[in-house]
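Asks: Enclosed is the structure file input.tsv (TSV, C-alpha atoms (C1' of nucleotides)).
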```
chain	number	residue	atom	x	y	z
A	1	MET	CA	22.43	20.53	74.50
A	2	PHE	CA	23.00	19.13	77.97
A	3	SER	CA	21.73	15.60	78.49
A	4	GLY	CA	22.40	12.47	80.47
A	5	SER	CA	22.97	11.85	84.16
A	6	HIS	CA	26.40	11.64	85.76
A	7	GLN	CA	27.10	10.23	89.19
A	8	LEU	CA	29.74	12.36	90.88
A	9	THR	CA	31.05	13.24	94.31
A	10	ILE	CA	31.34	16.60	95.96
A	11	ASP	CA	34.60	16.56	97.90
A	12	ASP	CA	35.21	17.90	101.39
A	13	LYS	CA	36.19	21.27	99.98
A	14	GLY	CA	32.85	21.57	98.23
A	15	ARG	CA	34.24	21.07	94.75
A	16	LEU	CA	32.42	19.33	91.93
A	17	ALA	CA	34.12	18.03	88.78
A	18	ILE	CA	32.00	18.89	85.74
A	19	PRO	CA	31.86	15.95	83.31
A	20	ALA	CA	34.05	16.35	80.23
A	21	CYS	CA	31.09	16.43	77.83
A	22	PHE	CA	29.43	19.30	79.74
A	23	ARG	CA	32.75	21.13	79.89
A	24	LYS	CA	33.03	21.03	76.11
A	25	GLU	CA	29.48	22.36	75.72
A	26	LEU	CA	30.13	25.15	78.25
A	27	ALA	CA	33.38	26.17	76.59
A	28	GLU	CA	31.57	26.53	73.27
A	29	CYS	CA	28.39	28.26	74.33
A	30	CYS	CA	29.51	30.68	77.05
A	31	ALA	CA	33.29	30.59	77.47
A	32	SER	CA	32.73	28.44	80.59
A	33	GLN	CA	30.88	31.25	82.37
A	34	MET	CA	27.93	29.88	84.30
A	35	VAL	CA	25.39	30.65	86.98
A	36	ILE	CA	24.29	28.37	89.80
A	37	THR	CA	20.95	28.97	91.44
A	38	ARG	CA	17.94	27.24	92.93
A	39	GLY	CA	14.74	26.25	91.18
A	40	PRO	CA	11.39	24.79	92.13
A	41	ASN	CA	12.91	21.35	92.75
A	42	PRO	CA	15.10	20.34	95.70
A	43	CYS	CA	18.24	20.62	93.62
A	44	LEU	CA	20.52	23.29	92.18
A	45	GLU	CA	20.21	24.49	88.60
A	46	ILE	CA	23.29	25.43	86.59
A	47	TYR	CA	22.96	27.67	83.53
A	48	PRO	CA	25.36	28.95	80.91
A	49	ALA	CA	25.75	32.65	81.78
A	50	ASN	CA	24.06	33.91	78.60
A	51	GLU	CA	21.10	31.58	79.11
A	52	PHE	CA	20.67	32.83	82.65
A	53	GLN	CA	20.82	36.39	81.43
A	54	ARG	CA	17.87	35.63	79.18
A	55	ILE	CA	15.89	34.29	82.12
A	56	ALA	CA	16.76	37.31	84.25
A	57	ASP	CA	15.55	39.56	81.44
A	58	GLU	CA	12.33	37.57	81.20
A	59	ILE	CA	11.72	38.06	84.92
A	60	ASP	CA	12.64	41.72	84.70
A	61	GLN	CA	10.07	42.28	82.01
A	62	MET	CA	7.12	40.42	83.48
A	63	GLU	CA	3.77	42.22	83.44
A	64	ASP	CA	2.98	41.06	86.94
A	65	ARG	CA	5.44	43.21	88.93
A	66	GLN	CA	4.51	41.59	92.21
A	67	MET	CA	5.46	38.19	90.84
A	68	ALA	CA	8.59	39.61	89.30
A	69	GLU	CA	9.73	40.83	92.71
A	70	THR	CA	9.02	37.45	94.26
A	71	LEU	CA	10.89	35.57	91.56
A	72	LYS	CA	13.80	37.96	91.84
A	73	GLY	CA	14.02	37.17	95.52
A	74	ILE	CA	13.96	33.43	94.98
A	75	VAL	CA	15.84	32.91	91.73
A	76	ILE	CA	18.15	35.87	91.31
A	77	GLY	CA	18.71	36.29	95.02
A	78	LEU	CA	20.58	33.03	95.33
A	79	ALA	CA	22.24	32.97	91.93
A	80	VAL	CA	26.03	32.85	91.93
A	81	GLN	CA	28.11	33.52	88.83
A	82	THR	CA	31.13	31.26	88.60
A	83	GLU	CA	33.51	29.52	86.25
A	84	LEU	CA	35.56	26.36	86.07
A	85	ASP	CA	38.94	26.11	87.80
A	86	LYS	CA	41.99	24.79	85.94
A	87	GLN	CA	40.95	21.22	86.79
A	88	GLY	CA	37.46	21.62	85.35
A	89	ARG	CA	35.74	21.86	88.72
A	90	VAL	CA	33.38	24.37	90.26
A	91	LEU	CA	33.34	25.39	93.88
A	92	LEU	CA	29.81	25.24	95.28
A	93	PRO	CA	29.19	28.12	97.70
A	94	PRO	CA	28.23	26.89	101.20
A	95	LEU	CA	24.83	28.62	101.09
A	96	LEU	CA	23.79	26.78	97.93
A	97	ARG	CA	25.22	23.50	99.14
A	98	LYS	CA	23.27	23.81	102.34
A	99	HIS	CA	20.08	24.75	100.52
A	100	ALA	CA	20.09	21.57	98.43
A	101	ARG	CA	21.61	19.41	101.20
A	102	LEU	CA	24.50	18.55	98.95
A	103	ASN	CA	27.52	16.68	100.20
A	104	GLY	CA	29.21	13.53	99.01
A	105	ALA	CA	27.38	11.57	96.32
A	106	ALA	CA	25.45	13.66	93.81
A	107	VAL	CA	24.00	13.40	90.32
A	108	LEU	CA	24.38	15.98	87.57
A	109	MET	CA	21.51	15.72	85.08
A	110	GLY	CA	21.42	17.47	81.71
A	111	GLN	CA	18.17	19.32	80.92
A	112	ILE	CA	18.75	20.70	77.41
A	113	ARG	CA	19.58	24.35	78.20
A	114	ARG	CA	20.71	23.85	81.79
A	115	PHE	CA	21.77	21.03	84.07
A	116	ASP	CA	20.58	20.14	87.54
A	117	LEU	CA	22.58	18.99	90.54
A	118	TRP	CA	20.75	16.55	92.80
A	119	PRO	CA	21.72	14.83	96.01
A	120	ASP	CA	22.23	11.18	95.07
A	121	ASP	CA	19.35	9.85	97.17
A	122	LEU	CA	16.74	12.33	95.96
A	123	TRP	CA	17.71	11.76	92.34
A	124	ASN	CA	17.41	8.01	92.72
A	125	GLU	CA	14.02	8.35	94.31
A	126	ARG	CA	12.71	10.45	91.47
A	127	TYR	CA	14.58	9.33	88.38
A	128	GLY	CA	16.62	6.22	89.26
A	129	ASP	CA	15.65	3.02	91.04
A	130	GLY	CA	12.71	4.78	92.65
A	131	LEU	CA	11.07	5.42	89.30
A	132	GLN	CA	9.10	2.21	89.12
A	133	SER	CA	6.42	3.26	86.69
A	134	ILE	CA	5.87	6.36	84.66
A	135	ASP	CA	2.58	8.17	85.12
A	136	ALA	CA	0.04	7.27	82.41
A	137	GLN	CA	-0.37	10.93	81.41
A	138	VAL	CA	3.36	11.24	80.94
A	139	VAL	CA	3.49	8.08	78.85
A	140	ASP	CA	0.71	9.51	76.68
A	141	ALA	CA	2.60	12.75	76.21
A	142	PHE	CA	5.67	10.69	75.40
A	143	ARG	CA	3.82	8.79	72.72
A	144	THR	CA	2.56	11.93	71.03
A	145	LEU	CA	6.16	12.61	70.11
A	146	LYS	CA	6.88	11.17	66.69
A	147	ARG	CA	9.74	8.84	67.34
B	148	MET	CA	14.97	2.99	57.83
B	149	PHE	CA	15.88	0.71	60.71
B	150	SER	CA	14.16	-2.67	60.68
B	151	GLY	CA	14.65	-6.25	61.76
B	152	SER	CA	15.76	-7.79	65.03
B	153	HIS	CA	19.34	-8.78	65.77
B	154	GLN	CA	20.49	-11.03	68.58
B	155	LEU	CA	23.71	-9.70	70.03
B	156	THR	CA	25.80	-9.84	73.17
B	157	ILE	CA	26.90	-7.06	75.43
B	158	ASP	CA	30.45	-7.86	76.54
B	159	ASP	CA	31.92	-7.50	80.02
B	160	LYS	CA	33.05	-3.97	79.25
B	161	GLY	CA	29.50	-2.95	78.38
B	162	ARG	CA	30.10	-2.70	74.65
B	163	LEU	CA	27.56	-3.53	71.98
B	164	ALA	CA	28.42	-4.20	68.33
B	165	ILE	CA	25.92	-2.42	66.07
B	166	PRO	CA	24.86	-4.64	63.14
B	167	ALA	CA	26.46	-3.73	59.81
B	168	CYS	CA	23.15	-2.73	58.20
B	169	PHE	CA	22.39	-0.26	61.00
B	170	ARG	CA	25.92	1.07	60.84
B	171	LYS	CA	25.50	1.92	57.16
B	172	GLU	CA	22.22	3.70	57.86
B	173	LEU	CA	23.77	5.65	60.75
B	174	ALA	CA	26.81	6.66	58.71
B	175	GLU	CA	24.55	8.09	56.02
B	176	CYS	CA	21.93	9.87	58.09
B	177	CYS	CA	23.92	11.35	60.98
B	178	ALA	CA	27.64	10.71	60.57
B	179	SER	CA	27.31	7.89	63.14
B	180	GLN	CA	26.31	10.34	65.87
B	181	MET	CA	23.58	8.90	68.02
B	182	VAL	CA	21.74	9.22	71.30
B	183	ILE	CA	20.78	6.42	73.71
B	184	THR	CA	17.96	6.99	76.16
B	185	ARG	CA	15.02	5.37	77.89
B	186	GLY	CA	11.43	5.31	76.74
B	187	PRO	CA	8.11	4.07	78.06
B	188	ASN	CA	9.13	0.44	77.55
B	189	PRO	CA	11.65	-1.54	79.63
B	190	CYS	CA	14.33	-1.17	76.99
B	191	LEU	CA	16.72	1.47	75.68
B	192	GLU	CA	15.96	3.54	72.60
B	193	ILE	CA	18.72	4.58	70.21
B	194	TYR	CA	18.23	7.54	67.88
B	195	PRO	CA	20.29	9.15	65.16
B	196	ALA	CA	21.51	12.41	66.75
B	197	ASN	CA	19.53	14.68	64.42
B	198	GLU	CA	16.37	12.69	65.00
B	199	PHE	CA	16.81	13.01	68.76
B	200	GLN	CA	17.49	16.71	68.42
B	201	ARG	CA	14.09	17.04	66.78
B	202	ILE	CA	12.44	15.26	69.71
B	203	ALA	CA	14.33	17.40	72.23
B	204	ASP	CA	13.18	20.53	70.39
B	205	GLU	CA	9.63	19.25	70.45
B	206	ILE	CA	9.82	18.75	74.21
B	207	ASP	CA	11.56	22.08	74.71
B	208	GLN	CA	8.77	23.87	72.95
B	209	MET	CA	5.73	22.18	74.47
B	210	GLU	CA	2.93	24.50	75.58
B	211	ASP	CA	2.45	22.56	78.79
B	212	ARG	CA	5.64	23.59	80.61
B	213	GLN	CA	4.95	21.28	83.52
B	214	MET	CA	4.85	18.29	81.19
B	215	ALA	CA	7.91	19.55	79.36
B	216	GLU	CA	9.86	19.56	82.63
B	217	THR	CA	8.68	16.05	83.47
B	218	LEU	CA	9.64	14.69	80.07
B	219	LYS	CA	12.99	16.46	80.24
B	220	GLY	CA	13.68	14.68	83.52
B	221	ILE	CA	12.76	11.28	82.18
B	222	VAL	CA	13.87	11.39	78.54
B	223	ILE	CA	16.62	14.01	78.27
B	224	GLY	CA	17.92	13.35	81.77
B	225	LEU	CA	19.05	9.89	80.81
B	226	ALA	CA	19.96	10.53	77.18
B	227	VAL	CA	23.61	10.02	76.34
B	228	GLN	CA	25.15	11.27	73.12
B	229	THR	CA	27.65	8.82	71.71
B	230	GLU	CA	29.24	7.53	68.56
B	231	LEU	CA	30.65	4.30	67.22
B	232	ASP	CA	34.17	3.30	68.09
B	233	LYS	CA	36.57	2.20	65.35
B	234	GLN	CA	35.19	-1.34	65.60
B	235	GLY	CA	31.59	-0.24	65.10
B	236	ARG	CA	30.58	-0.65	68.74
B	237	VAL	CA	28.98	1.63	71.30
B	238	LEU	CA	29.75	1.73	74.98
B	239	LEU	CA	26.56	1.55	77.04
B	240	PRO	CA	26.94	3.75	80.12
B	241	PRO	CA	26.47	1.81	83.39
B	242	LEU	CA	23.44	3.88	84.41
B	243	LEU	CA	21.55	3.00	81.23
B	244	ARG	CA	22.62	-0.63	81.37
B	245	LYS	CA	21.36	-0.83	84.91
B	246	HIS	CA	18.09	0.86	84.06
B	247	ALA	CA	17.20	-1.67	81.35
B	248	ARG	CA	18.83	-4.61	83.18
B	249	LEU	CA	21.08	-5.22	80.21
B	250	ASN	CA	23.97	-7.63	80.33
B	251	GLY	CA	24.90	-10.53	78.11
B	252	ALA	CA	22.29	-11.54	75.55
B	253	ALA	CA	20.26	-8.70	74.04
B	254	VAL	CA	18.14	-7.94	71.00
B	255	LEU	CA	18.41	-4.85	68.83
B	256	MET	CA	15.13	-4.17	67.05
B	257	GLY	CA	14.71	-1.66	64.22
B	258	GLN	CA	11.77	0.75	64.63
B	259	ILE	CA	11.85	2.86	61.45
B	260	ARG	CA	13.42	6.08	62.80
B	261	ARG	CA	15.10	4.57	65.84
B	262	PHE	CA	16.05	1.16	67.17
B	263	ASP	CA	15.39	-0.40	70.55
B	264	LEU	CA	17.70	-2.49	72.70
B	265	TRP	CA	15.97	-5.17	74.76
B	266	PRO	CA	17.24	-7.71	77.23
B	267	ASP	CA	16.98	-11.05	75.45
B	268	ASP	CA	14.35	-12.50	77.80
B	269	LEU	CA	12.01	-9.51	77.78
B	270	TRP	CA	12.16	-9.28	74.02
B	271	ASN	CA	11.29	-12.95	73.63
B	272	GLU	CA	8.37	-12.58	75.98
B	273	ARG	CA	6.91	-9.70	74.01
B	274	TYR	CA	7.94	-10.25	70.42
B	275	GLY	CA	9.52	-13.70	70.22
B	276	ASP	CA	8.32	-17.08	71.47
B	277	GLY	CA	6.08	-15.39	74.00
B	278	LEU	CA	3.94	-13.72	71.35
B	279	GLN	CA	1.19	-16.32	71.09
B	280	SER	CA	-1.61	-14.26	69.63
B	281	ILE	CA	-2.06	-10.74	68.37
B	282	ASP	CA	-4.71	-8.56	69.96
B	283	ALA	CA	-7.90	-8.27	67.83
B	284	GLN	CA	-7.68	-4.47	67.76
B	285	VAL	CA	-4.18	-4.70	66.44
B	286	VAL	CA	-5.25	-7.15	63.75
B	287	ASP	CA	-7.99	-4.71	62.72
B	288	ALA	CA	-5.54	-1.84	62.51
B	289	PHE	CA	-3.26	-4.06	60.51
B	290	ARG	CA	-6.07	-4.77	58.03
B	291	THR	CA	-6.71	-1.07	57.47
B	292	LEU	CA	-3.25	-0.85	55.99
B	293	LYS	CA	-3.22	-0.93	52.21
B	294	ARG	CA	-1.09	-3.97	51.61
C	295	DT	C1'	39.54	-23.59	48.89
C	296	DT	C1'	40.75	-18.56	49.88
C	297	DC	C1'	39.34	-14.04	50.89
C	298	DT	C1'	36.27	-10.74	53.02
C	299	DT	C1'	32.94	-9.29	56.26
C	300	DT	C1'	31.17	-9.27	60.80
C	301	DG	C1'	30.56	-10.08	65.65
C	302	DT	C1'	33.31	-11.06	69.85
C	303	DG	C1'	37.21	-10.91	73.24
C	304	DG	C1'	41.24	-8.92	75.43
C	305	DG	C1'	45.61	-5.86	76.20
C	306	DT	C1'	46.96	-1.20	76.98
C	307	DA	C1'	47.81	3.96	76.74
C	308	DG	C1'	45.64	8.05	77.83
C	309	DC	C1'	41.83	10.58	79.71
C	310	DT	C1'	38.83	11.77	83.54
C	311	DG	C1'	37.16	12.07	88.16
C	312	DT	C1'	38.85	12.18	92.91
C	313	DG	C1'	41.75	13.34	96.90
C	314	DG	C1'	45.04	16.06	99.17
C	315	DG	C1'	49.06	19.42	99.94
C	316	DG	C1'	50.09	24.11	99.93
C	317	DA	C1'	50.47	29.17	98.50
C	318	DG	C1'	47.98	33.37	98.34
C	319	DT	C1'	44.08	36.23	99.73
C	320	DT	C1'	40.49	37.90	102.69
C	321	DA	C1'	38.04	38.49	107.00
C	322	DC	C1'	37.97	38.58	111.68
C	323	DT	C1'	39.89	38.94	116.46
C	324	DC	C1'	42.86	40.68	119.80
D	325	DG	C1'	48.84	46.40	113.16
D	326	DA	C1'	49.78	41.51	114.07
D	327	DG	C1'	48.09	37.07	114.30
D	328	DT	C1'	44.87	33.65	113.09
D	329	DA	C1'	41.27	31.26	110.76
D	330	DA	C1'	38.68	30.45	106.69
D	331	DC	C1'	38.56	30.20	102.05
D	332	DT	C1'	39.95	29.93	97.17
D	333	DC	C1'	42.61	28.12	93.65
D	334	DC	C1'	46.79	26.23	92.07
D	335	DC	C1'	49.54	21.92	91.59
D	336	DC	C1'	50.43	16.92	91.76
D	337	DA	C1'	49.22	11.98	92.31
D	338	DC	C1'	46.43	8.07	91.53
D	339	DA	C1'	42.72	4.74	90.31
D	340	DG	C1'	39.26	3.48	87.18
D	341	DC	C1'	37.31	3.92	82.86
D	342	DT	C1'	37.31	4.72	77.90
D	343	DA	C1'	38.69	4.04	73.37
D	344	DC	C1'	42.24	2.64	70.80
D	345	DC	C1'	44.68	-1.48	68.77
D	346	DC	C1'	45.13	-6.33	67.59
D	347	DA	C1'	43.44	-11.03	67.27
D	348	DC	C1'	40.24	-14.62	66.19
D	349	DA	C1'	36.16	-17.43	64.91
D	350	DA	C1'	32.05	-17.95	62.16
D	351	DA	C1'	29.63	-17.07	58.04
D	352	DG	C1'	29.25	-15.85	53.35
D	353	DA	C1'	31.18	-14.72	48.67
D	354	DA	C1'	34.28	-15.42	44.91
```
So that I can check it, write out the structure of this file as C-alpha cells.

Replies:
Amino acid sequence: MFSGSHQLTIDDKGRLAIPACFRKELAECCASQMVITRGPNPCLEIYPANEFQRIADEIDQMEDRQMAETLKGIVIGLAVQTELDKQGRVLLPPLLRKHARLNGAAVLMGQIRRFDLWPDDLWNERYGDGLQSIDAQVVDAFRTLKR
Amino acid sequence: MFSGSHQLTIDDKGRLAIPACFRKELAECCASQMVITRGPNPCLEIYPANEFQRIADEIDQMEDRQMAETLKGIVIGLAVQTELDKQGRVLLPPLLRKHARLNGAAVLMGQIRRFDLWPDDLWNERYGDGLQSIDAQVVDAFRTLKR
DNA sequence: TTCTTTGTGGGTAGCTGTGGGGAGTTACTC
DNA sequence: GAGTAACTCCCCACAGCTACCCACAAAGAA
C-alpha cells in the first residue's frame, strides 16, 4: 500500500527521486515497472505497471464504447511506461511535466494502489496548510469507519 | 485495548517514547508495526498496522467512489507506516508534526483500537482542566450503558 | 539500600534525497 | 555524411536526516 506525503524536488533535468519506502513497495509488487499518466486532478498519477494494466483492461471492456474512446484518449493517451534509474529516480517526460505544471518543489502522495505527484503549492492548498476545515459530509463518512 | 492518557514530551529530534503498556499491546497485536495519520480532530491518530489496513480496505471499497477519493486524500495521503526504534520510540515525520502543531509537551490517549496524540494544551482544553461539564446528551448515552 | 524499568537526551555512522559532470544515443540541420 | 543539439542514464559528491548506540535521572520493586 502506498501512503503518506513526501516533499521532494524535481531537478533541472526533470528527475524525481522516489522515496525509499515507495521504492521497496514498487520492487515487490511490479519489479519497479510503473506507468505515469494524468487523472481528473491537476496532478500526475503513478501506477505499478500491473495495476495500470488492470485499469486499461477495465476501460477496454466498458459497455459505453463512446466513453471508452474518450477515456482512452485522456488516460491511456498520455500514459508513459517507465522504470527507476540506478539512483532510484524517474525521469518525468516534458509533456507530462508541462501538463501538471511541475518544476521544483513537489509532493508525492500515496493513495493505496497508486501515488500522485502534485506541484507543491497546489498540494498545500488542498491537503496541507490550506486545508483549514474538513467538509462536514466528509467528517461524517470518516466517522462511519470503525476506528 | 489502548486506554488511559499519558503525558509525554516530543524531543528536539521529533521522537516520542511510547508508554510501556502501549508497547506491550503493539508487540502482541501487530509486531510493533503501526500507522500514524490525521483524523477529524486536531490531533494525530496512531493505529496498529493491521487495524489501519482494515480501514484502508474499507475506504478502498466504498460504493461512493467520489467520497473514497476524498478520504484517500485526507486519511491515506498523510498516513505514515512506522515502527518502534530499539528504545521504544517513534519518529514523527515533520509534516505530521506540523499538521497537529506538535512539539514539546503532548498527551497520548488510548482509544480502544487506536490511540491519539494531542498537543498538551488542546488536550487539556477538551479532556483535562477545560472539561467543566459533560453535555446532557452524552450523559444520557452514558446512562444507557449497562454498568 | 540496590536493582530494574521507563522516559529523556545526545553522539554518530549510514542511508537518502539532491546536484552536477560526463559518456552514449538519437534526432535534426546543413 | 558530418556536425550539432537535445536527451537519457550512468557515476560521484555532499548535506541532512534517520536510527542506532550509550548515558542518565526518576520512579517503583525487591

Asks: Could I get chain A fitted onto chain B (least squares, all C-alpha atoms, in order) as a short mmCIF file (atom, residue, chain, number, x, y, z; two decimals) with C-alpha atoms, keeping the file's coordinate frame?

Replies:
```cif
data_model
loop_
_atom_site.label_atom_id
_atom_site.label_comp_id
_atom_site.auth_asym_id
_atom_site.auth_seq_id
_atom_site.Cartn_x
_atom_site.Cartn_y
_atom_site.Cartn_z
CA MET A 1 14.79 3.23 57.97
CA PHE A 2 15.74 0.93 60.82
CA SER A 3 13.97 -2.42 60.82
CA GLY A 4 14.42 -6.01 61.85
CA SER A 5 15.56 -7.63 65.07
CA HIS A 6 19.13 -8.69 65.75
CA GLN A 7 20.21 -11.01 68.53
CA LEU A 8 23.47 -9.75 69.99
CA THR A 9 25.55 -9.96 73.14
CA ILE A 10 26.76 -7.21 75.38
CA ASP A 11 30.27 -8.17 76.46
CA ASP A 12 31.77 -7.86 79.92
CA LYS A 13 33.07 -4.40 79.11
CA GLY A 14 29.57 -3.23 78.28
CA ARG A 15 30.15 -3.00 74.56
CA LEU A 16 27.53 -3.70 71.92
CA ALA A 17 28.33 -4.36 68.25
CA ILE A 18 25.86 -2.48 66.05
CA PRO A 19 24.72 -4.66 63.13
CA ALA A 20 26.32 -3.77 59.80
CA CYS A 21 23.02 -2.69 58.22
CA PHE A 22 22.31 -0.21 61.05
CA ARG A 23 25.88 1.06 60.83
CA LYS A 24 25.41 1.90 57.17
CA GLU A 25 22.15 3.74 57.91
CA LEU A 26 23.78 5.68 60.78
CA ALA A 27 26.78 6.65 58.68
CA GLU A 28 24.47 8.09 56.03
CA CYS A 29 21.92 9.89 58.15
CA CYS A 30 23.97 11.36 61.01
CA ALA A 31 27.67 10.67 60.52
CA SER A 32 27.34 7.89 63.12
CA GLN A 33 26.41 10.37 65.86
CA MET A 34 23.68 8.95 68.06
CA VAL A 35 21.89 9.33 71.36
CA ILE A 36 20.95 6.57 73.78
CA THR A 37 18.15 7.17 76.24
CA ARG A 38 15.22 5.52 77.96
CA GLY A 39 11.62 5.45 76.82
CA PRO A 40 8.30 4.25 78.17
CA ASN A 41 9.25 0.59 77.64
CA PRO A 42 11.74 -1.42 79.70
CA CYS A 43 14.42 -1.03 77.07
CA LEU A 44 16.84 1.59 75.78
CA GLU A 45 16.07 3.70 72.72
CA ILE A 46 18.83 4.71 70.32
CA TYR A 47 18.34 7.68 67.99
CA PRO A 48 20.39 9.26 65.24
CA ALA A 49 21.61 12.53 66.79
CA ASN A 50 19.60 14.78 64.45
CA GLU A 51 16.42 12.81 65.10
CA PHE A 52 16.91 13.15 68.83
CA GLN A 53 17.48 16.85 68.43
CA ARG A 54 14.06 17.09 66.81
CA ILE A 55 12.47 15.32 69.75
CA ALA A 56 14.27 17.55 72.24
CA ASP A 57 12.98 20.58 70.36
CA GLU A 58 9.46 19.16 70.43
CA ILE A 59 9.68 18.76 74.20
CA ASP A 60 11.20 22.20 74.59
CA GLN A 61 8.31 23.76 72.76
CA MET A 62 5.40 21.99 74.42
CA GLU A 63 2.50 24.17 75.56
CA ASP A 64 2.19 22.26 78.80
CA ARG A 65 5.34 23.49 80.59
CA GLN A 66 4.77 21.22 83.55
CA MET A 67 4.80 18.19 81.28
CA ALA A 68 7.78 19.53 79.42
CA GLU A 69 9.76 19.67 82.66
CA THR A 70 8.75 16.13 83.54
CA LEU A 71 9.69 14.78 80.13
CA LYS A 72 12.99 16.61 80.26
CA GLY A 73 13.76 14.88 83.52
CA ILE A 74 12.91 11.45 82.19
CA VAL A 75 14.01 11.54 78.56
CA ILE A 76 16.70 14.18 78.29
CA GLY A 77 18.03 13.55 81.77
CA LEU A 78 19.29 10.10 80.91
CA ALA A 79 20.23 10.70 77.29
CA VAL A 80 23.86 10.09 76.39
CA GLN A 81 25.39 11.25 73.12
CA THR A 82 27.85 8.75 71.71
CA GLU A 83 29.37 7.37 68.55
CA LEU A 84 30.73 4.12 67.20
CA ASP A 85 34.28 2.99 68.01
CA LYS A 86 36.62 1.80 65.25
CA GLN A 87 35.12 -1.70 65.50
CA GLY A 88 31.55 -0.49 65.03
CA ARG A 89 30.59 -0.89 68.67
CA VAL A 90 29.07 1.43 71.23
CA LEU A 91 29.91 1.48 74.90
CA LEU A 92 26.75 1.44 77.00
CA PRO A 93 27.14 3.66 80.08
CA PRO A 94 26.66 1.71 83.34
CA LEU A 95 23.68 3.85 84.41
CA LEU A 96 21.73 3.03 81.24
CA ARG A 97 22.74 -0.61 81.33
CA LYS A 98 21.53 -0.88 84.88
CA HIS A 99 18.28 0.91 84.10
CA ALA A 100 17.30 -1.60 81.41
CA ARG A 101 18.90 -4.58 83.21
CA LEU A 102 21.10 -5.21 80.22
CA ASN A 103 23.90 -7.71 80.29
CA GLY A 104 24.73 -10.65 78.08
CA ALA A 105 22.09 -11.59 75.52
CA ALA A 106 20.13 -8.70 74.05
CA VAL A 107 18.02 -7.86 71.02
CA LEU A 108 18.33 -4.73 68.90
CA MET A 109 15.04 -3.97 67.14
CA GLY A 110 14.63 -1.41 64.36
CA GLN A 111 11.69 0.99 64.77
CA ILE A 112 11.83 3.13 61.61
CA ARG A 113 13.45 6.32 62.98
CA ARG A 114 15.13 4.77 66.01
CA PHE A 115 16.07 1.34 67.30
CA ASP A 116 15.43 -0.24 70.67
CA LEU A 117 17.72 -2.37 72.79
CA TRP A 118 15.94 -5.05 74.81
CA PRO A 119 17.17 -7.65 77.25
CA ASP A 120 16.81 -10.97 75.43
CA ASP A 121 14.19 -12.40 77.79
CA LEU A 122 11.90 -9.37 77.80
CA TRP A 123 12.04 -9.12 74.02
CA ASN A 124 11.13 -12.77 73.61
CA GLU A 125 8.23 -12.40 75.98
CA ARG A 126 6.81 -9.49 74.05
CA TYR A 127 7.81 -10.02 70.45
CA GLY A 128 9.38 -13.49 70.12
CA ASP A 129 8.20 -16.88 71.32
CA GLY A 130 5.99 -15.22 73.91
CA LEU A 131 3.89 -13.53 71.26
CA GLN A 132 1.36 -16.30 70.83
CA SER A 133 -1.49 -14.32 69.38
CA ILE A 134 -1.84 -10.76 68.27
CA ASP A 135 -4.59 -8.71 69.87
CA ALA A 136 -7.73 -8.54 67.68
CA GLN A 137 -7.64 -4.73 67.64
CA VAL A 138 -4.08 -4.80 66.41
CA VAL A 139 -4.93 -7.31 63.69
CA ASP A 140 -7.76 -5.02 62.60
CA ALA A 141 -5.44 -2.04 62.44
CA PHE A 142 -3.01 -4.21 60.50
CA ARG A 143 -5.66 -5.10 57.97
CA THR A 144 -6.62 -1.50 57.35
CA LEU A 145 -3.20 -1.08 55.80
CA LYS A 146 -3.42 -1.68 52.08
CA ARG A 147 -0.97 -4.45 51.52
#
```

Asks: Tell me which protein, DNA and RNA residues are within 12 Å of Arg147 in chain A, counting only C-alpha atoms (C1' of nucleotides), leaving out same-chain ones fewer than 3 positions away, and put them as a PyMOL selection string.

Replies: (chain A and resi 142-144) or (chain B and resi 186-187+192-195+197-203+205+258-263)

Asks: One number please: CA of Met181 in chain B to CA of Gly235 in chain B, in Å, one decimal.

Replies: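 Rounded to one decimal, the two atoms are 12.5 Å apart.
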
Asks: Chain A near chain D within 12 Å: what's each residue's closest atom pair and its distance in Å to one decimal, counting all atoms listed in the file, ordered by chain then ascending residue number, as JSON lines?

Replies:
```
{"residue": "A:Lys13", "atom": "CA", "partner": "D:DC331", "partner_atom": "C1'", "distance": 9.5}
{"residue": "A:Gly14", "atom": "CA", "partner": "D:DT332", "partner_atom": "C1'", "distance": 11.0}
{"residue": "A:Arg15", "atom": "CA", "partner": "D:DT332", "partner_atom": "C1'", "distance": 10.8}
{"residue": "A:Glu83", "atom": "CA", "partner": "D:DC333", "partner_atom": "C1'", "distance": 11.8}
{"residue": "A:Leu84", "atom": "CA", "partner": "D:DC333", "partner_atom": "C1'", "distance": 10.5}
{"residue": "A:Asp85", "atom": "CA", "partner": "D:DC333", "partner_atom": "C1'", "distance": 7.2}
{"residue": "A:Lys86", "atom": "CA", "partner": "D:DC334", "partner_atom": "C1'", "distance": 7.9}
{"residue": "A:Gln87", "atom": "CA", "partner": "D:DC334", "partner_atom": "C1'", "distance": 9.3}
{"residue": "A:Gly88", "atom": "CA", "partner": "D:DC333", "partner_atom": "C1'", "distance": 11.7}
{"residue": "A:Arg89", "atom": "CA", "partner": "D:DC333", "partner_atom": "C1'", "distance": 10.5}
{"residue": "A:Val90", "atom": "CA", "partner": "D:DC333", "partner_atom": "C1'", "distance": 10.5}
{"residue": "A:Leu91", "atom": "CA", "partner": "D:DT332", "partner_atom": "C1'", "distance": 8.7}
{"residue": "A:Leu92", "atom": "CA", "partner": "D:DT332", "partner_atom": "C1'", "distance": 11.3}
{"residue": "A:Pro93", "atom": "CA", "partner": "D:DC331", "partner_atom": "C1'", "distance": 10.5}
{"residue": "A:Pro94", "atom": "CA", "partner": "D:DC331", "partner_atom": "C1'", "distance": 10.9}
```

Asks: Determine, counting all atoms listed in the file, every residue of protein, DNA or RNA that lies within 10 Å of (29.5, -6.4, 66.9) in the file coordinates, then give the result as JSON, numbers by chain.

Replies: {"B": [155, 156, 157, 158, 162, 163, 164, 165, 166, 167, 234, 235, 236, 237], "C": [300, 301, 302]}
